[in-house]
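K.L.:
Okay, here's the structure, questions in a sec.
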Amino acid sequence: MDESELPIMAPTDAEQPPHGYTSNKEAYLRRLKRIEGQVRGIARMVDEDKYCIDILTQVAAATKALHALSLGLVEEHIGHCVVGAASEPDPGLRAEAIDVKVKEATDAIGRLLR
């Protein structure tokens with residue numbers, strides 16, 4: 001699987017994993033390890049007094065990688081948690097559950113945009 005194209009996993013049955021990203025956990029961990037390596041490389045560049053523009057280029061690449069990972073997690077949340085809330089059989093609880101999960105998503109998106 002191309003890690004830049006993490007799929008949205010919608011719930012399909014009653015036996016759902018606890019988190020939407022669970023089925024793609026290994027891909028997320030690989031991406032995080034790669035980002036961790038990028039950040040260590042940036043620290044090494046600073047330690048070695050590399051050119052500031054080269055360092056900023058690497059910071060931008062690491063930032064873009066984190067944004068891509070974040071977007072994947074938001075998609076997983078919507079595809080799993082929000083859709084799961086919409087599947088609540090009790091109509092009264094369903095509306096509240098959807099509101100909570102949508103609010104979580106919009107708050108998370110807001111934090112990403114700051």
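Ordering of the structure tokens sets the chain letters (A, B, ...); residue numbers start at 1 within each chain; ligands are numbered from 1 in the order shown.
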Can you list, as a VMD selection string, every protein, DNA or RNA residue that comes within 12 Å of Asp99 of chain A when you count only C-alpha atoms, leaving out same-chain residues fewer than 3 positions away?
P.N.:
chain A and resid 78 81 to 83 85 to 86 92 to 96 102 to 107
K.L.:
In chain A, what's alpha helix (DSSP H) per DSSP? Answer as a JSON list (two decimals) with C-alpha atoms, in the first residue's frame?
P.N.:
```json
[["chain", "number", "residue", "atom", "x", "y", "z"],
["A", 25, "LYS", "CA", -1.99, 0.99, 12.30],
["A", 26, "GLU", "CA", 1.18, -0.49, 10.80],
["A", 27, "ALA", "CA", 1.10, 1.96, 7.88],
["A", 28, "TYR", "CA", 0.68, 4.87, 10.30],
["A", 29, "LEU", "CA", 3.56, 3.61, 12.43],
["A", 30, "ARG", "CA", 5.81, 3.31, 9.35],
["A", 31, "ARG", "CA", 4.95, 6.87, 8.36],
["A", 32, "LEU", "CA", 5.67, 8.11, 11.88],
["A", 33, "LYS", "CA", 9.05, 6.35, 11.91],
["A", 34, "ARG", "CA", 9.89, 8.00, 8.60],
["A", 35, "ILE", "CA", 8.86, 11.40, 9.99],
["A", 36, "GLU", "CA", 10.91, 10.73, 13.11],
["A", 37, "GLY", "CA", 13.91, 10.09, 10.86],
["A", 38, "GLN", "CA", 13.25, 13.34, 9.01],
["A", 39, "VAL", "CA", 13.21, 15.27, 12.28],
["A", 40, "ARG", "CA", 16.45, 13.61, 13.44],
["A", 41, "GLY", "CA", 17.96, 14.59, 10.09],
["A", 42, "ILE", "CA", 16.89, 18.19, 10.62],
["A", 43, "ALA", "CA", 18.52, 18.21, 14.06],
["A", 44, "ARG", "CA", 21.69, 16.82, 12.51],
["A", 45, "MET", "CA", 21.61, 19.56, 9.86],
["A", 46, "VAL", "CA", 21.38, 22.23, 12.56],
["A", 47, "ASP", "CA", 24.18, 20.55, 14.53],
["A", 52, "CYS", "CA", 19.28, 27.68, 6.74],
["A", 53, "ILE", "CA", 17.23, 27.39, 3.54],
["A", 54, "ASP", "CA", 18.15, 23.71, 3.25],
["A", 55, "ILE", "CA", 17.00, 23.18, 6.83],
["A", 56, "LEU", "CA", 13.74, 25.03, 6.18],
["A", 57, "THR", "CA", 13.15, 22.85, 3.12],
["A", 58, "GLN", "CA", 13.44, 19.76, 5.30],
["A", 59, "VAL", "CA", 11.18, 21.29, 7.96],
["A", 60, "ALA", "CA", 8.56, 21.93, 5.25],
["A", 61, "ALA", "CA", 8.82, 18.30, 4.10],
["A", 62, "ALA", "CA", 8.37, 16.98, 7.65],
["A", 63, "THR", "CA", 5.46, 19.35, 8.22],
["A", 64, "LYS", "CA", 3.78, 18.18, 5.00],
["A", 65, "ALA", "CA", 4.25, 14.56, 6.07],
["A", 66, "LEU", "CA", 2.63, 15.28, 9.45],
["A", 67, "HIS", "CA", -0.25, 17.07, 7.73],
["A", 68, "ALA", "CA", -0.81, 14.09, 5.43],
["A", 69, "LEU", "CA", -0.81, 11.73, 8.41],
["A", 70, "SER", "CA", -3.23, 14.03, 10.25],
["A", 71, "LEU", "CA", -5.57, 14.15, 7.28],
["A", 72, "GLY", "CA", -5.58, 10.36, 7.14],
["A", 73, "LEU", "CA", -6.52, 10.21, 10.82],
["A", 74, "VAL", "CA", -9.32, 12.75, 10.31],
["A", 75, "GLU", "CA", -10.64, 10.64, 7.44],
["A", 76, "GLU", "CA", -10.44, 7.52, 9.59],
["A", 83, "VAL", "CA", -20.38, 6.75, 10.67],
["A", 84, "GLY", "CA", -20.49, 4.49, 13.73],
["A", 85, "ALA", "CA", -22.38, 7.17, 15.66],
["A", 86, "ALA", "CA", -24.84, 7.43, 12.76],
["A", 91, "PRO", "CA", -32.62, 7.91, 17.53],
["A", 92, "GLY", "CA", -32.19, 10.11, 20.62],
["A", 93, "LEU", "CA", -28.72, 8.77, 21.33],
["A", 94, "ARG", "CA", -27.85, 8.79, 17.62],
["A", 95, "ALA", "CA", -28.27, 12.56, 17.22],
["A", 96, "GLU", "CA", -26.18, 13.25, 20.33],
["A", 97, "ALA", "CA", -23.49, 10.73, 19.34],
["A", 98, "ILE", "CA", -23.22, 12.23, 15.85],
["A", 99, "ASP", "CA", -22.96, 15.74, 17.30],
["A", 100, "VAL", "CA", -20.16, 14.65, 19.65],
["A", 101, "LYS", "CA", -18.16, 12.88, 16.93],
["A", 102, "VAL", "CA", -18.58, 15.71, 14.42],
["A", 103, "LYS", "CA", -17.53, 18.23, 17.08],
["A", 104, "GLU", "CA", -14.43, 16.14, 17.82],
["A", 105, "ALA", "CA", -13.56, 16.16, 14.11],
["A", 106, "THR", "CA", -14.11, 19.89, 13.66],
["A", 107, "ASP", "CA", -12.10, 20.68, 16.82],
["A", 108, "ALA", "CA", -9.25, 18.50, 15.54],
["A", 109, "ILE", "CA", -9.35, 20.19, 12.13],
["A", 110, "GLY", "CA", -9.31, 23.56, 13.87],
["A", 111, "ARG", "CA", -6.18, 22.59, 15.81],
["A", 112, "LEU", "CA", -4.53, 21.49, 12.57],
["A", 113, "LEU", "CA", -5.27, 24.82, 10.92]]
```
